[in-house]
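Undergrad: See target.txt below, with compact mmCIF, C-alpha atoms and all ligand atoms.
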```
# COMPACT_ATOMS: atom_id res chain seq x y z
CA MET A 1 0.00 0.00 0.00
CA SER A 2 1.51 3.29 -0.98
CA LEU A 3 1.91 6.23 1.39
CA ILE A 4 -0.24 9.34 1.17
CA PHE A 5 1.52 12.55 2.19
CA ASP A 6 -1.38 14.58 3.64
CA VAL A 7 -0.56 18.28 3.66
CA HIS A 8 -0.78 20.13 6.99
CA PRO A 9 -0.11 23.71 5.88
CA THR A 10 1.95 26.02 8.07
CA SER A 11 0.07 28.84 9.80
CA ASP A 12 3.22 30.95 9.50
CA PRO A 13 4.53 30.85 5.91
CA MET A 14 7.41 33.06 4.84
CA PRO A 15 5.98 36.39 3.61
CA ALA A 16 6.13 36.56 -0.21
CA ARG A 17 8.40 39.61 -0.17
CA ARG A 18 11.00 37.91 2.05
CA ARG A 19 10.80 34.74 -0.06
CA GLU A 20 11.42 36.74 -3.24
CA GLU A 21 14.42 38.37 -1.57
CA ILE A 22 15.84 34.93 -0.73
CA LEU A 23 15.14 33.56 -4.22
CA ALA A 24 16.99 36.50 -5.78
CA ASN A 25 20.18 35.33 -4.07
CA PRO A 26 19.66 31.90 -2.47
CA GLY A 27 23.26 30.65 -2.23
CA PHE A 28 23.35 26.94 -1.35
CA GLY A 29 21.79 25.09 1.57
CA GLN A 30 21.10 28.13 3.71
CA HIS A 31 17.37 28.71 3.28
CA PHE A 32 14.57 26.18 3.49
CA THR A 33 11.01 26.13 2.20
CA ASP A 34 7.88 26.37 4.38
CA HIS A 35 7.25 22.62 4.61
CA MET A 36 8.94 19.24 4.85
CA ALA A 37 7.76 15.69 4.17
CA VAL A 38 8.05 13.08 6.93
CA ALA A 39 7.35 9.38 7.40
CA THR A 40 8.13 6.86 10.13
CA TRP A 41 9.07 3.21 9.89
CA THR A 42 8.87 0.70 12.70
CA ALA A 43 9.73 -2.96 12.60
CA ALA A 44 6.20 -3.74 13.78
CA ASP A 45 4.18 -1.50 11.42
CA GLY A 46 6.43 -0.72 8.43
CA TRP A 47 6.15 2.77 6.87
CA HIS A 48 3.37 5.00 8.25
CA ASP A 49 2.57 8.51 9.59
CA SER A 50 3.51 10.10 6.25
CA ALA A 51 2.66 13.79 5.87
CA VAL A 52 3.83 17.15 4.62
CA VAL A 53 4.14 19.34 7.72
CA PRO A 54 5.48 22.82 8.55
CA TYR A 55 9.31 22.97 8.28
CA GLY A 56 10.89 22.95 11.71
CA PRO A 57 13.11 21.22 14.28
CA ILE A 58 12.77 17.46 14.77
CA ARG A 59 12.24 16.11 18.28
CA LEU A 60 14.83 13.44 18.88
CA ASP A 61 15.53 11.37 21.97
CA PRO A 62 19.17 11.86 23.10
CA ALA A 63 19.53 8.08 22.90
CA ALA A 64 18.44 8.02 19.22
CA ALA A 65 20.78 5.52 17.60
CA VAL A 66 21.78 7.84 14.73
CA LEU A 67 23.48 10.20 17.20
CA HIS A 68 25.69 7.38 18.44
CA TYR A 69 26.27 4.99 15.55
CA ALA A 70 25.59 7.14 12.45
CA GLN A 71 22.96 4.88 10.92
CA GLU A 72 21.94 7.47 8.32
CA ILE A 73 21.65 7.88 4.53
CA PHE A 74 20.66 10.71 2.23
CA GLU A 75 19.98 11.69 -1.37
CA GLY A 76 20.39 14.87 -3.38
CA LEU A 77 18.44 15.94 -6.47
CA LYS A 78 16.96 19.12 -7.90
CA ALA A 79 13.64 20.49 -9.15
CA TYR A 80 14.14 22.70 -12.22
CA ARG A 81 11.79 25.44 -13.40
CA HIS A 82 11.51 25.62 -17.18
CA ASP A 83 10.90 28.84 -19.10
CA ASP A 84 7.14 28.13 -19.33
CA GLY A 85 6.92 28.00 -15.53
CA SER A 86 6.57 24.20 -15.26
CA ILE A 87 8.66 22.23 -12.72
CA TRP A 88 10.67 19.11 -13.56
CA LEU A 89 12.86 16.44 -11.95
CA PHE A 90 15.91 14.81 -13.59
CA ARG A 91 16.00 10.97 -13.34
CA PRO A 92 14.38 10.80 -9.87
CA ASP A 93 13.93 7.02 -10.31
CA GLN A 94 17.74 6.77 -10.08
CA ASN A 95 17.80 8.58 -6.75
CA ALA A 96 14.94 6.40 -5.46
CA ALA A 97 16.82 3.23 -6.44
CA ARG A 98 20.11 4.47 -5.00
CA MET A 99 18.44 5.38 -1.72
CA GLN A 100 17.21 1.78 -1.55
CA ARG A 101 20.74 0.47 -2.17
CA SER A 102 22.14 2.82 0.48
CA ALA A 103 19.39 1.67 2.87
CA ARG A 104 20.34 -1.98 2.37
CA ARG A 105 24.01 -1.25 3.09
CA LEU A 106 23.22 0.71 6.27
CA ALA A 107 20.65 -1.88 7.46
CA LEU A 108 17.86 0.68 7.11
CA PRO A 109 14.39 -0.12 5.69
CA GLU A 110 13.87 0.54 1.97
CA LEU A 111 11.42 3.28 1.09
CA PRO A 112 9.42 2.14 -1.98
CA ALA A 113 10.31 4.24 -5.05
CA GLU A 114 6.70 5.40 -5.49
CA ASP A 115 6.65 6.73 -1.90
CA PHE A 116 10.00 8.47 -2.41
CA LEU A 117 8.54 10.12 -5.53
CA SER A 118 5.24 11.06 -3.96
CA SER A 119 7.03 12.71 -1.01
CA ILE A 120 8.84 14.86 -3.58
CA THR A 121 5.87 15.70 -5.80
CA THR A 122 3.72 16.57 -2.76
CA LEU A 123 6.36 18.76 -1.10
CA VAL A 124 7.38 20.53 -4.31
CA GLY A 125 3.70 20.98 -5.23
CA THR A 126 3.04 22.55 -1.80
CA ASP A 127 6.12 24.80 -1.93
CA ALA A 128 6.11 25.42 -5.70
CA ASP A 129 6.59 29.17 -5.16
CA TRP A 130 10.02 28.32 -3.74
CA VAL A 131 11.36 26.92 -7.03
CA PRO A 132 13.48 29.77 -8.39
CA SER A 133 13.52 30.67 -12.06
CA GLY A 134 16.21 31.96 -14.37
CA GLY A 135 19.90 31.20 -14.74
CA GLU A 136 21.06 27.86 -13.37
CA THR A 137 18.90 28.08 -10.25
CA SER A 138 16.91 25.17 -8.80
CA LEU A 139 15.19 23.84 -5.71
CA TYR A 140 17.65 21.40 -4.14
CA LEU A 141 15.89 18.39 -2.59
CA ARG A 142 17.41 16.52 0.32
CA PRO A 143 15.68 13.26 1.28
CA PHE A 144 17.27 11.50 4.26
CA MET A 145 16.62 8.65 6.63
CA PHE A 146 18.01 7.93 10.08
CA ALA A 147 17.77 5.62 13.07
CA SER A 148 15.45 7.41 15.50
CA GLU A 149 14.97 4.52 17.91
CA PRO A 150 16.13 5.44 21.44
CA PHE A 151 18.43 2.50 22.17
CA LEU A 152 22.15 2.31 22.87
CA GLY A 153 22.57 -1.34 21.91
CA VAL A 154 24.33 -1.97 18.62
CA ARG A 155 21.90 -3.44 16.09
CA PRO A 156 19.78 -2.08 13.21
CA ALA A 157 17.23 0.37 14.61
CA GLN A 158 13.60 -0.73 14.81
CA ARG A 159 12.36 2.83 14.47
CA VAL A 160 13.50 4.96 11.54
CA SER A 161 12.56 8.45 10.35
CA TYR A 162 12.40 9.64 6.75
CA VAL A 163 12.46 13.38 6.10
CA LEU A 164 12.55 15.42 2.90
CA ILE A 165 13.57 19.08 3.03
CA ALA A 166 13.99 21.55 0.16
CA SER A 167 16.35 24.46 -0.26
CA PRO A 168 16.47 27.02 -3.09
CA ALA A 169 19.87 27.00 -4.80
CA GLY A 170 21.56 29.69 -6.86
CA ALA A 171 23.83 29.03 -9.82
CA TYR A 172 26.80 26.98 -8.55
CA PHE A 173 29.21 29.13 -10.54
CA ALA A 174 27.65 32.54 -9.94
CA GLN A 175 30.74 34.30 -11.37
CA GLY A 176 31.08 31.99 -14.40
CA VAL A 177 32.54 28.49 -14.60
CA LYS A 178 35.96 28.44 -12.96
CA PRO A 179 38.35 25.47 -12.73
CA VAL A 180 39.09 24.13 -9.23
CA ASN A 181 42.34 22.77 -7.79
CA ILE A 182 42.39 19.28 -6.36
CA TRP A 183 44.55 17.95 -3.52
CA ILE A 184 45.57 14.28 -3.88
CA THR A 185 45.59 13.01 -0.30
CA GLU A 186 48.04 10.37 0.82
CA SER A 187 46.95 10.53 4.45
CA TYR A 188 43.26 9.70 4.32
CA SER A 189 40.85 7.30 2.65
CA ARG A 190 37.18 7.83 1.89
CA ALA A 191 36.13 4.21 1.60
CA GLY A 192 37.64 0.77 1.93
CA ARG A 193 36.94 -2.68 0.57
CA GLY A 194 33.64 -3.93 1.96
CA GLY A 195 32.94 -0.49 3.46
CA THR A 196 30.24 2.07 2.71
CA GLY A 197 31.85 3.92 -0.22
CA ALA A 198 29.03 3.08 -2.64
CA ALA A 199 26.34 4.17 -0.17
CA LYS A 200 25.34 7.80 0.19
CA CYS A 201 25.72 8.04 3.95
CA GLY A 202 26.67 10.90 6.24
CA GLY A 203 29.48 8.86 7.77
CA ASN A 204 31.45 8.95 4.51
CA TYR A 205 31.28 12.73 4.61
CA ALA A 206 32.28 12.94 8.29
CA SER A 207 35.43 10.94 7.53
CA SER A 208 36.30 13.16 4.55
CA LEU A 209 36.27 16.48 6.43
CA LEU A 210 39.81 16.36 7.76
CA ALA A 211 41.17 15.62 4.28
CA GLN A 212 39.10 18.56 3.03
CA SER A 213 40.80 20.82 5.62
CA GLU A 214 44.18 19.48 4.50
CA ALA A 215 43.24 20.41 0.91
CA ALA A 216 42.21 23.92 1.95
CA GLU A 217 45.60 24.40 3.67
CA GLN A 218 47.17 23.48 0.33
CA GLY A 219 45.08 26.06 -1.51
CA CYS A 220 42.83 23.39 -3.04
CA GLU A 221 39.04 23.34 -3.15
CA GLN A 222 38.52 19.57 -3.16
CA VAL A 223 40.23 16.25 -2.40
CA LEU A 224 40.93 13.33 -4.71
CA PHE A 225 40.76 10.06 -2.80
CA PRO A 226 42.84 7.21 -4.24
CA ASP A 227 41.76 3.65 -3.34
CA SER A 228 42.50 2.66 0.23
CA ALA A 229 44.15 -0.73 -0.44
CA GLU A 230 47.04 0.40 -2.67
CA GLY A 231 46.69 4.19 -2.68
CA LYS A 232 47.27 3.83 -6.40
CA TRP A 233 43.94 4.08 -8.22
CA VAL A 234 41.82 7.16 -8.82
CA GLU A 235 38.45 6.77 -7.11
CA GLU A 236 36.58 10.05 -6.72
CA LEU A 237 36.36 13.36 -4.87
CA GLY A 238 34.61 13.71 -1.50
CA GLY A 239 31.25 14.31 -3.17
CA MET A 240 31.80 14.15 -6.94
CA ASN A 241 32.86 11.59 -9.54
CA VAL A 242 35.77 12.18 -11.91
CA TYR A 243 36.19 12.13 -15.72
CA LEU A 244 39.26 12.42 -17.96
CA VAL A 245 39.20 13.47 -21.61
CA THR A 246 41.97 11.80 -23.62
CA ASN A 247 43.48 12.98 -26.90
CA ALA A 248 42.10 9.75 -28.44
CA GLY A 249 38.57 11.13 -27.95
CA GLU A 250 37.77 8.96 -24.94
CA LEU A 251 35.75 10.05 -21.95
CA VAL A 252 37.22 7.92 -19.16
CA THR A 253 35.82 7.47 -15.66
CA PRO A 254 37.06 5.06 -12.98
CA GLU A 255 35.07 1.82 -13.03
CA LEU A 256 32.76 1.11 -10.11
CA THR A 257 34.62 -1.03 -7.62
CA GLY A 258 32.20 -0.98 -4.70
CA SER A 259 33.96 1.91 -3.01
CA ILE A 260 32.91 4.59 -5.53
CA LEU A 261 29.54 6.33 -5.28
CA GLU A 262 27.39 5.61 -8.35
CA GLY A 263 26.61 9.18 -9.37
CA VAL A 264 23.52 9.88 -11.46
CA THR A 265 25.48 12.62 -13.24
CA ARG A 266 28.35 10.17 -13.89
CA ASP A 267 25.91 7.68 -15.42
CA SER A 268 24.18 10.36 -17.52
CA ILE A 269 27.51 11.54 -18.95
CA LEU A 270 28.44 7.95 -19.91
CA LYS A 271 25.19 7.85 -21.90
CA LEU A 272 25.66 11.29 -23.49
CA ALA A 273 29.28 10.71 -24.49
CA THR A 274 28.56 9.01 -27.82
CA ASP A 275 26.17 11.83 -28.84
CA GLU A 276 29.09 14.19 -28.36
CA GLY A 277 31.32 12.07 -30.61
CA LEU A 278 33.28 10.66 -27.67
CA THR A 279 33.94 7.09 -26.60
CA PRO A 280 32.79 6.41 -23.03
CA VAL A 281 35.20 4.18 -21.10
CA GLU A 282 34.91 2.78 -17.57
CA ARG A 283 38.20 1.35 -16.38
CA LYS A 284 40.82 1.59 -13.70
CA VAL A 285 42.92 4.76 -13.85
CA SER A 286 46.04 5.05 -11.74
CA VAL A 287 47.11 8.31 -10.14
CA GLU A 288 50.40 7.84 -12.00
CA GLU A 289 48.62 7.57 -15.38
CA LEU A 290 46.60 10.67 -14.54
CA LEU A 291 49.61 12.81 -13.63
CA ARG A 292 51.74 11.51 -16.52
CA GLY A 293 48.85 12.02 -18.96
CA ILE A 294 48.21 15.60 -18.00
CA ALA A 295 51.97 16.30 -18.20
CA ASP A 296 52.48 14.78 -21.68
CA GLY A 297 49.12 15.85 -23.12
CA ALA A 298 47.55 12.38 -23.41
CA ILE A 299 44.90 13.68 -21.01
CA ARG A 300 43.56 17.00 -22.21
CA GLU A 301 40.84 17.79 -19.74
CA VAL A 302 39.71 16.56 -16.33
CA PHE A 303 36.40 17.37 -14.68
CA ALA A 304 34.33 16.40 -11.67
CA CYS A 305 30.58 15.83 -11.78
CA GLY A 306 27.63 15.67 -9.41
CA THR A 307 24.11 17.03 -9.00
CA ALA A 308 25.06 20.19 -7.10
CA ALA A 309 27.69 21.56 -9.50
CA VAL A 310 26.76 19.43 -12.57
CA VAL A 311 30.22 19.58 -14.16
CA THR A 312 33.22 21.28 -12.54
CA PRO A 313 36.44 21.70 -14.55
CA ILE A 314 39.65 20.74 -12.76
CA GLY A 315 42.46 23.24 -13.36
CA ALA A 316 45.30 21.49 -11.52
CA PHE A 317 46.17 18.65 -9.17
CA LYS A 318 48.53 19.01 -6.26
CA ASP A 319 50.24 16.43 -4.03
CA ILE A 320 53.15 16.43 -1.58
CA ASP A 321 55.62 16.40 -4.51
CA GLY A 322 54.29 19.27 -6.58
CA GLU A 323 51.61 20.80 -8.74
CA TYR A 324 50.29 19.48 -12.05
CA PRO A 325 48.30 21.90 -14.23
CA VAL A 326 45.69 20.40 -16.59
CA GLY A 327 45.89 21.76 -20.15
CA ASP A 328 46.30 25.53 -20.20
CA GLY A 329 44.26 26.00 -17.04
CA ALA A 330 41.17 27.24 -18.93
CA VAL A 331 37.83 25.39 -19.12
CA GLY A 332 38.24 22.61 -21.71
CA GLU A 333 36.08 22.34 -24.81
CA VAL A 334 34.65 18.90 -24.00
CA THR A 335 34.03 19.84 -20.36
CA GLN A 336 32.13 22.90 -21.55
CA LYS A 337 30.11 20.88 -24.07
CA VAL A 338 29.12 18.10 -21.64
CA ARG A 339 28.16 20.66 -19.03
CA ARG A 340 26.06 22.64 -21.50
CA GLU A 341 24.32 19.54 -22.87
CA LEU A 342 23.30 18.25 -19.41
CA LEU A 343 22.04 21.67 -18.32
CA ASP A 344 20.10 22.12 -21.57
CA ILE A 345 18.29 18.82 -20.97
CA GLN A 346 17.61 19.66 -17.32
CA TYR A 347 16.24 23.12 -18.13
CA GLY A 348 14.20 21.92 -21.13
CA ARG A 349 16.29 23.73 -23.74
CA ALA A 350 17.39 20.49 -25.45
CA GLU A 351 15.31 17.53 -26.49
CA ASP A 352 14.87 14.99 -23.69
CA ARG A 353 15.96 12.10 -25.94
CA TYR A 354 16.52 9.64 -23.08
CA GLY A 355 13.24 10.30 -21.27
CA TRP A 356 15.11 11.55 -18.22
CA MET A 357 12.78 14.40 -17.28
CA THR A 358 9.61 14.08 -15.17
CA LYS A 359 7.15 16.96 -15.01
CA ILE A 360 5.76 17.41 -11.50
CA ALA A 361 4.02 20.79 -11.57
C1 LIG A 401 26.28 12.29 -4.34
C2 LIG A 401 27.68 11.93 -4.63
C3 LIG A 401 28.23 11.95 -5.92
C4 LIG A 401 27.48 12.48 -7.12
O1 LIG A 401 26.29 11.82 -7.37
P1 LIG A 401 25.16 12.49 -8.26
O2 LIG A 401 24.07 11.49 -8.24
O3 LIG A 401 25.72 12.71 -9.59
O4 LIG A 401 24.80 13.76 -7.57
C5 LIG A 401 29.53 11.52 -6.09
N1 LIG A 401 30.27 11.11 -5.06
C6 LIG A 401 29.79 11.09 -3.79
C7 LIG A 401 30.67 10.62 -2.70
C8 LIG A 401 28.49 11.49 -3.53
O5 LIG A 401 28.03 11.48 -2.28
```
Translate this file's structure into structure tokens.
Ligand SMILES: *Cc1c(COP(=O)(O)O)cnc(C)c1O
TA:
Amino acid sequence: MSLIFDVHPTSDPMPARRREEILANPGFGQHFTDHMAVATWTAADGWHDSAVVPYGPIRLDPAAAVLHYAQEIFEGLKAYRHDDGSIWLFRPDQNAARMQRSARRLALPELPAEDFLSSITTLVGTDADWVPSGGETSLYLRPFMFASEPFLGVRPAQRVSYVLIASPAGAYFAQGVKPVNIWITESYSRAGRGGTGAAKCGGNYASSLLAQSEAAEQGCEQVLFPDSAEGKWVEELGGMNVYLVTNAGELVTPELTGSILEGVTRDSILKLATDEGLTPVERKVSVEELLRGIADGAIREVFACGTAAVVTPIGAFKDIDGEYPVGDGAVGEVTQKVRRELLDIQYGRAEDRYGWMTKIA
């Protein structure tokens, strides 16, 4: 039986003038819409108590298992407003399926895909005025699930909360697309064999923060995590997948090994590559091949990809031995093209030839 998200409207919505002020310059992850979707799961009753309720603090017992053992997962996707005012999602079925895979890995209950989708359509329908328009703006959607059972024993929780919140997002590159510098860490790993690298869980992010600080000290915006076993293979950044463009016209991304997050953007680019006249390749890439390739020109461009930034050009890598600029430091032609093509599909400016878009309002 599927969940119904009954709407309990807030008695205290944000005044329209203040909302318009926020939407004119939303930044990222700082402002939230008037409502949120919630549902509860218990071992005895399954999923129930689903509703859209006023946005606000969650009451949590101090013994809630998530606060002690980090049994938590999340998703990230966007609602896009097209020029005609309609509102669309990009491949939400992929996020629903990935949330189920993450749930299995973290011993959390799976939320049926149709319930995941109806939480989104009901919340976005209720807070439709919060979907910004113009430029590369969107309403960022953050579904998450956590162990809310008050119990300090170590076992999968028998009470779990699902929450969906929404946050207006400005263009990621407000001042134009600018390449970022990447620190190759030798001190820290993101994910190990048999670990949670392929699950979208908060714990992976907690363990990446110190490496991120190390990168910042080195003047870098992001961290590249090599594999943990050999420290030899390129895996991904803390929250984005990686692509290389070779001078043989290949678009190469590290193959999924169980410790790499299966990005929806990564998968979409693999499918778009042939349309752009490129050969998509999933294989192992060593850090050595990467650095040699960008030095001798075999690798022309490198970019990172994910829902938040779509496609981010990488201008240089840095490690304890030195700095390695990619190409001439400008945004590469292929990077630009892939980025443009994805955005055009998402914003309804290019034909949706893969049936990726879902209209929700
Ligand atoms: C979410 C995420 C990505 C990107 O996934 P998308 O579905 O493209 O947004 C990549 N790596 C990590 C670690 C992530 O958490």
Undergrad: Can I get the residues close to ligand LIG 401 (chain A) as a ChimeraX atom specification, where close means within 8 Å and we count only C-alpha atoms and all ligand atoms?
TA: /A:75-77,95,197-201,204-205,236-241,260-267,305-308,310
Undergrad: Just how far from CA of Pro156 in chain A is CA of His68 in chain A, in Å to one decimal?
TA: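 About the pair CA of His68 in chain A and CA of Pro156 in chain A: they are 12.3 Å apart.
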Undergrad: Between CA of Glu351 in chain A and CA of Ala79 in chain A, measure the distance and give it in Å to one decimal.
TA: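 One can read the CA of Glu351 in chain A to CA of Ala79 in chain A distance as 17.7 Å.
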Undergrad: One decimal, Å: what's the distance from CA of Leu291 in chain A over to CA of Gln222 in chain A, could you say?
TA: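 Between these atoms lies a distance of 16.7 Å.
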Undergrad: Which residue is closest to Val131 in chain A? Choose from A:Val334, A:Ala309, A:Ile87, A:Ile184 and count all atoms listed in the file.
TA: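 Nearest to Val131 in chain A: A:Ile87.
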Undergrad: Excluding range 147-155 of chain A and residues on its chain fewer than 3 positions from it, collect all residues at most 9 Å away from it, counting only C-alpha atoms, and give them as a ChimeraX atom specification.
TA: /A:42,60-72,107-108,158-161
Undergrad: When you look at Ser286 in chain A with a cut-off of 6 Å (counting all atoms listed in the file), what residues show up, excluding the ones that are within fewer than 6 positions of it in the same chain? I need them as a list of chain:residue names.
TA: A:Lys232, A:Trp233, A:Val234
Undergrad: Looking at A:Ala174, A:Ala215, A:Met1, A:Ile165, which one is nearest to Tyr188 in chain A, with distances taken over all atoms listed in the file?
TA: A:Ala215
Undergrad: Would you pick out the contacts of range 346-349 of chain A at 8 Å or less, using only C-alpha atoms, so that residues sharing its chain but fewer than 4 positions from it are not included, and give the list as a VMD selection string?
TA: chain A and resid 80 to 83 88 to 90 342 357
Undergrad: Measuring between all atoms listed in the file, which one of A:Thr312, A:Ser102, A:Ser133, A:Ser2 shows the shortest distance to Val242 in chain A?
TA: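 Of A:Thr312, A:Ser102, A:Ser133, A:Ser2, the one nearest Val242 in chain A, counting all atoms listed in the file, is A:Thr312.
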Undergrad: Smallest atom-to-atom distance to Glu21 in chain A: which of A:Arg292, A:Thr40, A:Pro168, A:Ser189, using only C-alpha atoms?
TA: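 Residue with the minimum atom-to-atom distance to Glu21 in chain A: A:Pro168.
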Undergrad: Could you list as a PyMOL selection string every residue that has an atom within 12 Å of (11.6, 9.3, -9.4), using the file's coordinates and counting all atoms listed in the file?
TA: chain A and resi 75+77-79+88-99+112-121+356-360
Undergrad: Please determine, counting all atoms listed in the file, which residue among A:Asp275, A:Glu20, A:Glu235, A:Asp34 has the shortest atom-to-atom distance to Ser167 in chain A.
TA: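 With all atoms listed in the file as the atom set, the closest residue is A:Asp34.
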Undergrad: Within 12 Å of Arg17 in chain A, counting only C-alpha atoms, which residues show up once you throw out same-chain ones fewer than 6 positions away? Write them as a ChimeraX atom specification, please.
TA: /A:23-24,129-130
Undergrad: Ranking A:Val163, A:Val223, A:Leu123, A:Ala39 by minimum distance to Ser187 in chain A and counting all atoms listed in the file, which one comes first?
TA: A:Val223
Undergrad: Could you name the residues that touch Phe173 in chain A at 9 Å or less, counting all atoms listed in the file, but leaving out those on the same chain fewer than 4 positions away, as a count of residues only?
TA: 4
